[in-house]
$ cat start_24.cif   # mmCIF, C-alpha atoms
data_start
#
loop_
_atom_site.label_atom_id
_atom_site.label_comp_id
_atom_site.auth_asym_id
_atom_site.auth_seq_id
_atom_site.Cartn_x
_atom_site.Cartn_y
_atom_site.Cartn_z
CA MET A 1 0.00 0.00 0.00
CA ASN A 2 1.44 3.38 -1.01
CA TYR A 3 0.19 5.66 1.77
CA LEU A 4 1.76 8.65 0.05
CA THR A 5 -0.60 8.43 -2.92
CA LEU A 6 -3.56 6.50 -1.50
CA HIS A 7 -5.64 9.69 -1.29
CA ARG A 8 -5.66 9.99 -5.07
CA GLN A 9 -5.94 6.34 -6.02
CA VAL A 10 -9.36 5.17 -7.24
CA GLU A 11 -9.10 2.18 -4.88
CA ARG A 12 -9.27 4.51 -1.89
CA ARG A 13 -13.07 4.63 -2.05
CA ALA A 14 -13.56 0.89 -1.55
CA LEU A 15 -10.80 0.79 1.01
CA PHE A 16 -12.19 3.58 3.20
CA ALA A 17 -15.73 2.23 2.83
CA SER A 18 -14.67 -1.14 4.19
CA ARG A 19 -12.28 -0.14 6.96
CA HIS A 20 -14.06 2.11 9.42
CA ASP A 21 -12.30 0.35 12.28
CA ALA A 22 -8.85 0.05 10.70
CA PRO A 23 -6.04 0.13 13.25
CA ILE A 24 -3.29 2.73 13.19
CA VAL A 25 -0.36 1.32 11.21
CA TYR A 26 3.26 2.36 10.97
CA ASP A 27 4.36 2.76 7.35
CA GLU A 28 8.09 2.16 6.85
CA ALA A 29 8.16 3.83 3.43
CA THR A 30 6.90 7.20 4.68
CA ARG A 31 8.06 6.66 8.27
CA CYS A 32 4.68 7.81 9.46
CA HIS A 33 1.92 6.47 11.66
CA VAL A 34 -1.02 6.23 9.27
CA VAL A 35 -4.52 6.82 10.56
CA THR A 36 -7.45 5.90 8.27
CA ASN A 37 -10.11 5.25 10.92
CA PRO A 38 -12.35 8.37 10.82
CA ARG A 39 -13.12 8.39 14.55
CA GLN A 40 -9.42 8.18 15.37
CA VAL A 41 -8.66 10.91 12.82
CA LEU A 42 -11.09 13.21 14.62
CA ASP A 43 -9.69 12.31 18.05
CA LEU A 44 -6.12 12.93 16.93
CA LEU A 45 -6.95 16.23 15.24
CA ARG A 46 -8.03 17.41 18.69
CA HIS A 47 -5.22 15.67 20.59
CA PRO A 48 -2.90 18.10 22.39
CA GLY A 49 0.05 15.74 21.90
CA LEU A 50 0.12 16.36 18.14
CA VAL A 51 1.44 19.59 16.62
CA CYS A 52 1.88 20.93 13.10
CA GLN A 53 5.03 20.16 11.17
CA ASP A 54 7.64 22.91 11.24
CA ILE A 55 8.02 23.74 7.54
CA VAL A 56 9.95 26.93 8.35
CA GLU A 57 12.69 24.87 9.98
CA SER A 58 12.65 22.40 7.09
CA VAL A 59 13.08 25.23 4.56
CA ALA A 60 15.86 26.72 6.68
CA ALA A 61 17.67 23.37 6.61
CA VAL A 62 17.38 23.27 2.82
CA THR A 63 18.65 26.84 2.39
CA ARG A 64 21.66 26.09 4.61
CA ARG A 65 22.46 22.81 2.90
CA TYR A 66 22.31 24.16 -0.63
CA ASP A 67 23.41 27.71 0.16
CA MET A 68 20.39 29.24 -1.49
CA GLN A 69 17.77 31.84 -0.70
CA LEU A 70 14.07 30.99 -0.59
CA PRO A 71 12.62 34.21 0.84
CA ASN A 72 9.07 33.74 -0.41
CA PHE A 73 8.77 30.09 0.54
CA THR A 74 10.15 30.93 3.99
CA TYR A 75 7.73 33.86 4.38
CA ALA A 76 4.70 31.83 3.26
CA ALA A 77 5.54 28.86 5.47
CA GLY A 78 5.70 31.26 8.42
CA ILE A 79 2.25 32.79 7.92
CA MET A 80 0.04 29.85 6.93
CA PRO A 81 -2.42 29.17 9.75
CA LEU A 82 -2.30 25.46 8.93
CA LEU A 83 1.39 25.44 9.89
CA MET A 84 1.19 27.63 12.99
CA GLU A 85 0.74 26.87 16.67
CA GLY A 86 0.05 28.77 19.88
CA PRO A 87 -0.85 32.45 20.30
CA ARG A 88 0.29 33.49 16.80
CA HIS A 89 -1.97 30.86 15.32
CA GLU A 90 -4.92 31.96 17.45
CA ALA A 91 -4.38 35.60 16.49
CA MET A 92 -4.17 34.77 12.77
CA ARG A 93 -7.32 32.64 12.96
CA ARG A 94 -9.22 35.45 14.67
CA ARG A 95 -8.16 37.96 12.02
CA MET A 96 -8.96 35.61 9.19
CA ALA A 97 -12.32 34.55 10.61
CA ALA A 98 -13.32 38.20 11.04
CA PHE A 99 -12.18 39.02 7.52
CA LEU A 100 -14.07 36.08 5.98
CA ALA A 101 -17.23 36.91 7.93
CA GLY A 102 -17.00 40.48 6.68
CA ARG A 103 -16.69 39.38 3.06
CA ARG A 104 -19.36 36.65 3.11
CA LYS A 105 -22.25 38.87 2.04
CA ALA A 106 -20.34 40.42 -0.87
CA ILE A 107 -19.28 37.01 -2.15
CA ALA A 108 -22.77 35.58 -1.79
CA ALA A 109 -24.12 38.46 -3.86
CA ARG A 110 -21.91 37.49 -6.80
CA LEU A 111 -22.12 33.70 -6.61
CA SER A 112 -25.01 33.14 -9.03
CA GLU A 113 -23.61 35.45 -11.66
CA LEU A 114 -20.12 33.93 -11.46
CA ALA A 115 -21.44 30.37 -11.52
CA ASP A 116 -23.75 31.10 -14.48
CA ARG A 117 -20.91 32.66 -16.43
CA HIS A 118 -18.23 30.08 -15.76
CA PHE A 119 -20.43 27.00 -16.09
CA ALA A 120 -22.07 28.25 -19.31
CA PRO A 121 -19.61 26.38 -21.60
CA LEU A 122 -21.05 23.10 -20.32
CA ARG A 123 -24.18 23.80 -22.34
CA SER A 124 -22.41 23.68 -25.69
CA ALA A 125 -19.04 21.89 -25.43
CA ASP A 126 -18.84 18.21 -26.37
CA GLU A 127 -15.87 17.84 -24.05
CA ILE A 128 -14.55 20.18 -21.40
CA ASP A 129 -11.89 20.25 -18.69
CA LEU A 130 -14.14 21.00 -15.76
CA ALA A 131 -11.17 21.62 -13.44
CA GLY A 132 -9.10 23.91 -15.68
CA GLU A 133 -11.70 25.62 -17.86
CA VAL A 134 -14.57 26.03 -15.41
CA LEU A 135 -13.66 25.61 -11.75
CA LEU A 136 -10.26 27.31 -11.85
CA PRO A 137 -11.54 30.61 -13.33
CA PHE A 138 -14.66 30.42 -11.14
CA VAL A 139 -12.60 30.06 -7.95
CA ARG A 140 -10.09 32.64 -9.21
CA ASP A 141 -12.86 35.21 -9.60
CA LEU A 142 -14.39 34.32 -6.24
CA PHE A 143 -11.11 34.84 -4.46
CA SER A 144 -10.38 38.05 -6.33
CA GLU A 145 -13.73 39.30 -5.02
CA MET A 146 -12.95 38.01 -1.56
CA VAL A 147 -9.67 39.90 -1.23
CA GLU A 148 -11.21 43.02 -2.85
CA ALA A 149 -8.64 42.98 -5.63
CA SER A 150 -8.77 45.90 -8.05
CA GLU A 151 -8.46 43.37 -10.89
CA ILE A 152 -8.65 39.60 -11.35
CA ILE A 153 -5.71 37.83 -9.76
CA PRO A 154 -4.30 35.28 -12.21
CA LEU A 155 -3.89 31.93 -10.51
CA ARG A 156 -1.70 29.32 -12.12
CA ARG A 157 -2.46 25.65 -12.49
CA ILE A 158 0.42 24.52 -10.29
CA ALA A 159 -0.83 24.04 -6.77
CA ILE A 160 1.37 26.25 -4.63
CA THR A 161 -0.09 24.27 -1.75
CA ARG A 162 2.71 21.80 -2.35
CA ILE A 163 4.30 24.13 0.21
CA PHE A 164 2.65 21.80 2.76
CA ASP A 165 4.17 18.73 1.15
CA ARG A 166 7.32 17.28 2.75
CA TYR A 167 8.05 15.15 -0.29
CA ILE A 168 8.98 17.82 -2.84
CA GLY A 169 12.35 18.22 -4.48
CA LEU A 170 14.58 21.23 -4.91
CA ARG A 171 13.26 22.16 -8.36
CA THR A 172 9.70 22.23 -7.07
CA ILE A 173 10.77 24.23 -4.02
CA GLN A 174 12.44 26.80 -6.29
CA THR A 175 9.40 26.91 -8.60
CA ILE A 176 7.08 27.47 -5.65
CA ASP A 177 9.34 30.24 -4.33
CA SER A 178 9.25 31.95 -7.71
CA GLU A 179 5.47 31.61 -8.03
CA LEU A 180 4.98 32.93 -4.52
CA ALA A 181 7.13 35.94 -5.47
CA ASP A 182 4.82 36.61 -8.43
CA LEU A 183 1.72 36.22 -6.27
CA ARG A 184 3.09 38.55 -3.58
CA ALA A 185 3.92 41.16 -6.22
CA CYS A 186 0.40 40.83 -7.62
CA ILE A 187 -1.16 41.19 -4.16
CA ALA A 188 0.93 44.30 -3.53
CA ARG A 189 -0.34 45.79 -6.79
CA VAL A 190 -4.03 44.87 -6.77
CA CYS A 191 -4.72 44.80 -3.03
CA ALA A 192 -2.70 47.87 -2.08
CA PRO A 193 -5.06 49.18 0.66
CA ALA A 194 -5.11 45.80 2.45
CA VAL A 195 -1.34 45.48 2.17
CA ALA A 196 -0.98 48.98 3.61
CA ARG A 197 -3.11 47.80 6.57
CA GLY A 198 -0.62 44.98 7.14
CA ASP A 199 -2.81 42.21 5.74
CA GLU A 200 -0.48 40.78 3.10
CA ASP A 201 0.06 37.65 5.21
CA MET A 202 -3.65 36.93 5.46
CA LEU A 203 -4.34 37.57 1.77
CA LEU A 204 -1.46 35.32 0.73
CA ALA A 205 -2.72 32.54 2.99
CA LEU A 206 -6.22 32.88 1.53
CA LEU A 207 -4.98 32.88 -2.05
CA VAL A 208 -2.81 29.81 -1.52
CA LEU A 209 -4.49 27.61 1.06
CA GLY A 210 -8.05 28.90 0.67
CA ARG A 211 -8.11 28.80 -3.08
CA ASP A 212 -6.65 25.30 -3.37
CA SER A 213 -8.86 23.93 -0.61
CA LEU A 214 -12.00 25.17 -2.36
CA LEU A 215 -10.83 24.26 -5.86
CA ALA A 216 -9.78 20.76 -4.81
CA THR A 217 -12.98 20.16 -2.84
CA LEU A 218 -15.24 21.26 -5.69
CA ALA A 219 -13.27 19.34 -8.31
CA SER A 220 -12.99 16.10 -6.36
CA SER A 221 -16.62 16.25 -5.28
CA LEU A 222 -17.86 16.77 -8.84
CA ASN A 223 -15.51 14.04 -10.05
CA ALA A 224 -17.01 11.58 -7.55
CA ILE A 225 -20.59 12.52 -8.42
CA LEU A 226 -20.18 12.54 -12.20
CA ALA A 227 -18.18 9.30 -12.25
CA ALA A 228 -21.14 7.64 -10.53
CA HIS A 229 -23.61 9.11 -13.03
CA VAL A 230 -22.18 8.45 -16.48
CA GLY A 231 -25.16 8.10 -18.81
CA THR A 232 -27.35 10.40 -16.71
CA ARG A 233 -28.58 13.87 -17.57
CA LEU A 234 -27.04 16.47 -15.28
CA ASP A 235 -30.46 17.87 -14.40
CA ALA A 236 -31.59 14.42 -13.29
CA ILE A 237 -28.74 13.87 -10.84
CA VAL A 238 -29.64 14.22 -7.18
CA PHE A 239 -26.65 16.19 -5.91
CA PRO A 240 -25.91 15.91 -2.18
CA ASP A 241 -26.45 19.08 -0.16
CA PHE A 242 -22.89 18.80 1.15
CA PRO A 243 -19.66 18.33 -0.88
CA PRO A 244 -19.12 14.55 -0.81
CA GLU A 245 -15.31 14.69 -0.94
CA THR A 246 -12.77 16.93 0.72
CA GLY A 247 -9.92 18.29 -1.36
CA VAL A 248 -7.73 18.49 1.74
CA ALA A 249 -7.15 14.77 2.04
CA ILE A 250 -4.37 14.62 4.59
CA ALA A 251 -3.32 16.40 7.77
CA GLU A 252 0.26 15.70 8.76
CA ARG A 253 1.24 16.16 12.37
CA LEU A 254 4.23 15.61 14.63
CA ALA A 255 4.09 14.11 18.10
CA GLY A 256 5.07 17.00 20.37
CA GLU A 257 5.34 14.67 23.37
CA ASP A 258 5.27 10.97 24.21
CA PHE A 259 1.76 9.57 24.51
CA GLU A 260 -0.31 6.48 23.85
CA TYR A 261 -3.51 6.39 21.85
CA GLY A 262 -5.47 3.50 20.34
CA HIS A 263 -2.88 0.90 21.39
CA THR A 264 -0.20 2.92 19.58
CA VAL A 265 2.72 4.55 21.34
CA PHE A 266 3.65 7.91 19.85
CA SER A 267 7.14 9.17 20.69
CA THR A 268 8.19 12.80 20.49
CA GLY A 269 9.05 13.64 16.89
CA ASP A 270 7.02 10.80 15.35
CA ARG A 271 5.19 11.76 12.18
CA VAL A 272 1.49 11.08 11.81
CA ARG A 273 -0.46 11.05 8.57
CA LEU A 274 -4.16 11.60 9.27
CA PHE A 275 -6.49 10.72 6.38
CA LEU A 276 -9.17 13.43 6.71
CA GLN A 277 -10.57 12.00 3.51
CA SER A 278 -11.71 8.86 5.36
CA LEU A 279 -14.39 10.96 7.09
CA ASN A 280 -16.31 11.04 3.80
CA TYR A 281 -16.79 7.28 4.05
CA ASP A 282 -17.96 7.00 7.66
CA PRO A 283 -21.49 5.55 7.89
CA SER A 284 -22.56 8.44 10.13
CA GLN A 285 -23.61 11.62 8.35
CA SER A 286 -22.56 13.65 11.36
CA VAL A 287 -19.00 12.39 10.91
CA GLN A 288 -19.13 12.95 7.14
CA LYS A 289 -19.98 16.58 7.79
CA LEU A 290 -16.72 17.00 9.69
CA ILE A 291 -14.67 16.91 6.48
CA PHE A 292 -13.70 20.49 7.24
CA GLY A 293 -11.72 19.14 10.16
CA ALA A 294 -11.88 19.48 13.90
CA GLY A 295 -9.80 21.01 16.63
CA PRO A 296 -7.68 24.14 16.50
CA HIS A 297 -6.88 23.82 12.77
CA SER A 298 -10.37 23.19 11.42
CA CYS A 299 -11.13 24.88 8.11
CA LEU A 300 -11.97 28.58 8.35
CA GLY A 301 -13.47 28.48 4.86
CA ARG A 302 -16.24 26.05 5.85
CA HIS A 303 -19.00 28.65 5.60
CA MET A 304 -17.76 29.89 2.26
CA SER A 305 -17.55 26.38 0.85
CA LEU A 306 -21.09 25.66 1.99
CA ASP A 307 -22.27 28.91 0.39
CA VAL A 308 -20.52 28.06 -2.88
CA TRP A 309 -21.62 24.42 -3.17
CA PRO A 310 -25.36 25.11 -3.82
CA ALA A 311 -24.43 27.64 -6.53
CA VAL A 312 -22.24 25.02 -8.21
CA VAL A 313 -24.99 22.39 -7.92
CA GLN A 314 -27.52 24.81 -9.39
CA ALA A 315 -25.22 25.57 -12.31
CA MET A 316 -24.63 21.87 -12.98
CA ARG A 317 -28.34 21.02 -12.73
CA SER A 318 -29.27 23.77 -15.16
CA THR A 319 -27.33 21.91 -17.87
CA PRO A 320 -29.73 19.39 -19.50
CA ARG A 321 -27.01 17.21 -21.01
CA ILE A 322 -26.02 13.59 -20.61
CA VAL A 323 -22.54 12.86 -19.27
CA SER A 324 -21.06 10.21 -21.53
CA GLY A 325 -17.65 9.90 -19.94
CA ILE A 326 -15.24 11.36 -17.43
CA ASP A 327 -11.44 11.19 -17.01
CA CYS A 328 -9.51 12.58 -14.12
CA ALA A 329 -5.75 13.06 -13.63
CA TYR A 330 -4.47 14.34 -10.31
CA VAL A 331 -1.72 16.81 -9.51
CA ASP A 332 1.25 15.13 -7.82
CA ASN A 333 0.39 16.50 -4.39
CA GLN A 334 0.80 14.48 -1.20
CA ILE A 335 -1.69 16.50 0.88
CA PHE A 336 -4.43 17.72 -1.46
CA VAL A 337 -6.58 15.82 -3.96
CA MET A 338 -6.25 18.32 -6.77
CA PRO A 339 -7.46 17.24 -10.21
CA GLU A 340 -5.04 18.47 -12.84
CA ARG A 341 -7.59 17.65 -15.52
CA LEU A 342 -11.19 16.65 -15.10
CA ILE A 343 -12.38 15.90 -18.59
CA VAL A 344 -16.15 15.60 -18.92
CA ARG A 345 -17.67 14.41 -22.19
CA PHE A 346 -21.29 14.90 -23.18
CA ASP A 347 -23.57 13.14 -25.64
CA SER A 348 -23.83 15.51 -28.56
CA MET B 1 32.11 4.40 -23.79
CA SER B 2 28.35 4.54 -23.36
CA ALA B 3 26.65 6.90 -20.95
CA PRO B 4 25.90 5.38 -17.55
CA SER B 5 22.43 3.95 -17.14
CA PHE B 6 20.00 5.44 -14.64
CA ARG B 7 20.68 2.48 -12.36
CA GLU B 8 24.43 3.09 -12.51
CA ARG B 9 23.89 6.76 -11.78
CA ILE B 10 21.70 6.01 -8.75
CA ILE B 11 24.27 3.55 -7.40
CA GLY B 12 27.10 6.04 -7.96
CA ILE B 13 25.26 8.85 -6.19
CA LEU B 14 24.33 6.61 -3.25
CA ALA B 15 27.99 5.62 -2.94
CA ASP B 16 29.06 9.28 -3.06
CA LEU B 17 26.55 10.04 -0.30
CA GLY B 18 28.03 7.26 1.83
CA GLU B 19 24.91 5.10 1.68
CA LEU B 20 26.69 2.24 -0.14
CA ASP B 21 30.22 1.06 0.63
CA ALA B 22 32.64 0.24 -2.19
CA ALA B 23 32.10 -3.51 -1.99
CA ARG B 24 28.31 -3.16 -2.12
CA GLN B 25 28.59 -0.68 -4.99
CA SER B 26 30.76 -3.10 -7.01
CA ALA B 27 28.46 -6.02 -6.29
CA LEU B 28 25.42 -4.09 -7.45
CA LEU B 29 27.13 -2.90 -10.61
CA VAL B 30 27.99 -6.43 -11.76
CA ALA B 31 24.64 -7.93 -10.81
CA PRO B 32 21.74 -5.99 -12.34
CA ASP B 33 19.16 -8.22 -10.65
CA GLN B 34 20.45 -7.32 -7.21
CA ASP B 35 18.46 -4.56 -5.57
CA VAL B 36 18.47 -2.50 -2.39
CA GLU B 37 15.42 -0.95 -0.76
CA PHE B 38 15.88 2.69 0.23
CA VAL B 39 14.19 1.97 3.57
CA ALA B 40 17.06 -0.39 4.42
CA MET B 41 19.52 2.51 4.09
CA GLU B 42 17.71 4.54 6.75
CA MET B 43 18.52 7.78 4.98
CA ASP B 44 17.45 10.95 6.75
CA SER B 45 15.21 13.35 4.86
CA LEU B 46 18.06 15.66 3.80
CA THR B 47 20.10 12.76 2.43
CA ALA B 48 17.03 11.63 0.49
CA LEU B 49 16.78 15.16 -0.87
CA ASP B 50 20.51 15.03 -1.75
CA LEU B 51 19.91 11.86 -3.76
CA CYS B 52 17.08 13.60 -5.65
CA VAL B 53 19.07 16.78 -6.25
CA ASN B 54 22.08 14.86 -7.56
CA LEU B 55 19.88 12.74 -9.78
CA GLU B 56 18.16 15.84 -11.14
CA ASP B 57 21.55 17.36 -11.94
CA ALA B 58 22.81 14.17 -13.56
CA THR B 59 19.72 13.33 -15.60
CA ASN B 60 17.85 16.59 -16.14
CA ARG B 61 14.75 14.83 -14.83
CA THR B 62 12.60 15.97 -11.94
CA VAL B 63 13.10 13.54 -9.07
CA GLU B 64 11.37 14.16 -5.76
CA PRO B 65 11.49 12.47 -2.36
CA ALA B 66 7.94 11.29 -3.13
CA ASP B 67 9.41 9.22 -5.96
CA LEU B 68 11.64 7.39 -3.46
CA VAL B 69 8.47 6.28 -1.69
CA SER B 70 6.58 5.32 -4.84
CA TYR B 71 9.64 3.58 -6.36
CA PRO B 72 11.30 2.41 -3.15
CA SER B 73 14.44 0.65 -4.38
CA ILE B 74 17.37 1.29 -6.70
CA ASN B 75 15.99 -0.91 -9.48
CA ARG B 76 12.42 0.38 -9.21
CA LEU B 77 13.54 4.01 -9.29
CA ALA B 78 15.79 3.23 -12.27
CA ALA B 79 12.87 1.54 -14.06
CA PHE B 80 10.73 4.63 -13.39
CA LEU B 81 13.39 6.84 -14.99
CA ASP B 82 13.96 4.35 -17.85
CA ALA B 83 10.25 4.62 -18.61
CA GLY B 84 10.50 8.41 -18.92
CA GLY B 85 9.46 9.27 -15.37
CA GLY B 86 10.31 12.79 -14.26
CA ALA B 87 10.75 14.06 -17.81
CA ALA B 88 9.37 17.48 -18.64
CA PRO B 89 5.90 17.18 -20.20
#
$ encode --input "start_24.cif" --output "structure tokens"
Amino acid sequence: MNYLTLHRQVERRALFASRHDAPIVYDEATRCHVVTNPRQVLDLLRHPGLVCQDIVESVAAVTRRYDMQLPNFTYAAGIMPLLMEGPRHEAMRRRMAAFLAGRRKAIAARLSELADRHFAPLRSADEIDLAGEVLLPFVRDLFSEMVEASEIIPLRRIAITRIFDRYIGLRTIQTIDSELADLRACIARVCAPAVARGDEDMLLALLVLGRDSLLATLASSLNAILAAHVGTRLDAIVFPDFPPETGVAIAERLAGEDFEYGHTVFSTGDRVRLFLQSLNYDPSQSVQKLIFGAGPHSCLGRHMSLDVWPAVVQAMRSTPRIVSGIDCAYVDNQIFVMPERLIVRFDS
Amino acid sequence: MSAPSFRERIIGILADLGELDAARQSALLVAPDQDVEFVAMEMDSLTALDLCVNLEDATNRTVEPADLVSYPSINRLAAFLDAGGGAAP
């Protein structure tokens, strides 16, 4: 079993559906404790003995070893709430939650128009890349609205969220640093008032982590639904009222102290790979609805995602066409389930 | 003299990094069926990154620590590269 790529293997669905009581295993290849039991995932997300991985220190080790500068990677790793702990983390979450609450009404006001516009090509194309041609520009425009940009912020296909991925090489690290530099320059230009208020950190976190979380969740959810409905008209599909798959498949943690849980002994420094994705397959709907996580690092974009999902469903259901086939290829990302291409074909 | 194969390059880099001694390196080079799992070497994460960086420099392919997990031995990683893995699209 390759626990590094399980979250994007088709077989994951049957596996998670059949192993609600799977024990915690230690995987030699990744040197991680692997948790795929949804109840244990939730417990461990809230467990005080587990802390976030220190990406800043990892980047510092790389810069020392290869005598190179990675100023943007280092900056971004230091301001992402998902990688922070303690009072700084709490302060960033408070700021971000207040900002998102303040923008919710403005985003909601534009959702229908943006969804209508970006999903319109589905009505005429025989084949379309739902991830790249529809969802990416849709999410790009939503986030440009969210951060009150003076113009649309171009977002590239590469998932900068590989910043959270411990398994990337030097070329990818350098590419991410360069792309973060471009994004920071763009934020400085099109969000000048917010940057002047000292909010560059928050906007960057939203445009990296927020954008990829929403994009990946929408794309993987639609992939799961459409793959199960080949041969069905889109307006005849009963879409769930909650995204059925999370795009943030994995939470990686470090044991900050020695402790025992679920017959497993965790020693300080041990790595733990929590499959958030398994929550989608728990028989209990109340557990399924915790795909946005639990504990101090639960997703701040939950409300926004749940506002966006009905608009996406409405746009899909207003397309009276039969899906004749679907192909999905995933980005090589060890944390997110990010479709690189989601090709949907329709009966002409 | 032909260019070294991907397998020979991997073995050479691992020897340079101190993960294979000279005797083991020689044995592997004369016996293509012999293989070594990366897990058995107990490389730390920075040494694994060194292997990837040196391979990238030597082959102009993109090789990431994730590939060492998905192709977890010398021969399997070499087969991945032989099949075009890590090449620019």
$ residues_around --input "start_24.cif" --residues "Ala329 in chain A" --least-positions-apart "3" --cutoff "8 Å" --atoms "only C-alpha atoms" --output "PDB file with C-alpha atoms, in the coordinates of the input"
ATOM      1  CA  PRO A 339      -7.460  17.240 -10.210  1.00  0.00           C
ATOM      2  CA  GLU A 340      -5.040  18.470 -12.840  1.00  0.00           C
ATOM      3  CA  ARG A 341      -7.590  17.650 -15.520  1.00  0.00           C
ATOM      4  CA  LEU A 342     -11.190  16.650 -15.100  1.00  0.00           C
TER       5      LEU A 342
END
$ resolve_selection --input "start_24.cif" --expression "the PyMOL selection byres ((chain A) within 7 of (chain B))" --output "ChimeraX atom specification"
/A:2,28-30,167-170
$ residues_around --input "start_24.cif" --residues "range 243-256 of chain A" --least-positions-apart "5" --cutoff "7 Å" --atoms "only C-alpha atoms" --output "ChimeraX atom specification"
/A:7,49-53,213,216-217,220-221,266-277,280,291,309,335-338
$ residues_around --input "start_24.cif" --residues "range 195-200 of chain A" --least-positions-apart "6" --cutoff "9 Å" --atoms "all atoms listed in the file" --output "list in words"
Arg184, Ile187 and Ala188 of chain A
$ residues_around --input "start_24.cif" --residues "Ile79 in chain A" --least-positions-apart "3" --cutoff "12 Å" --atoms "all atoms listed in the file" --output "PyMOL selection string"
chain A and resi 54-56+72-76+82-85+88-93+96+163+199-206+208-209
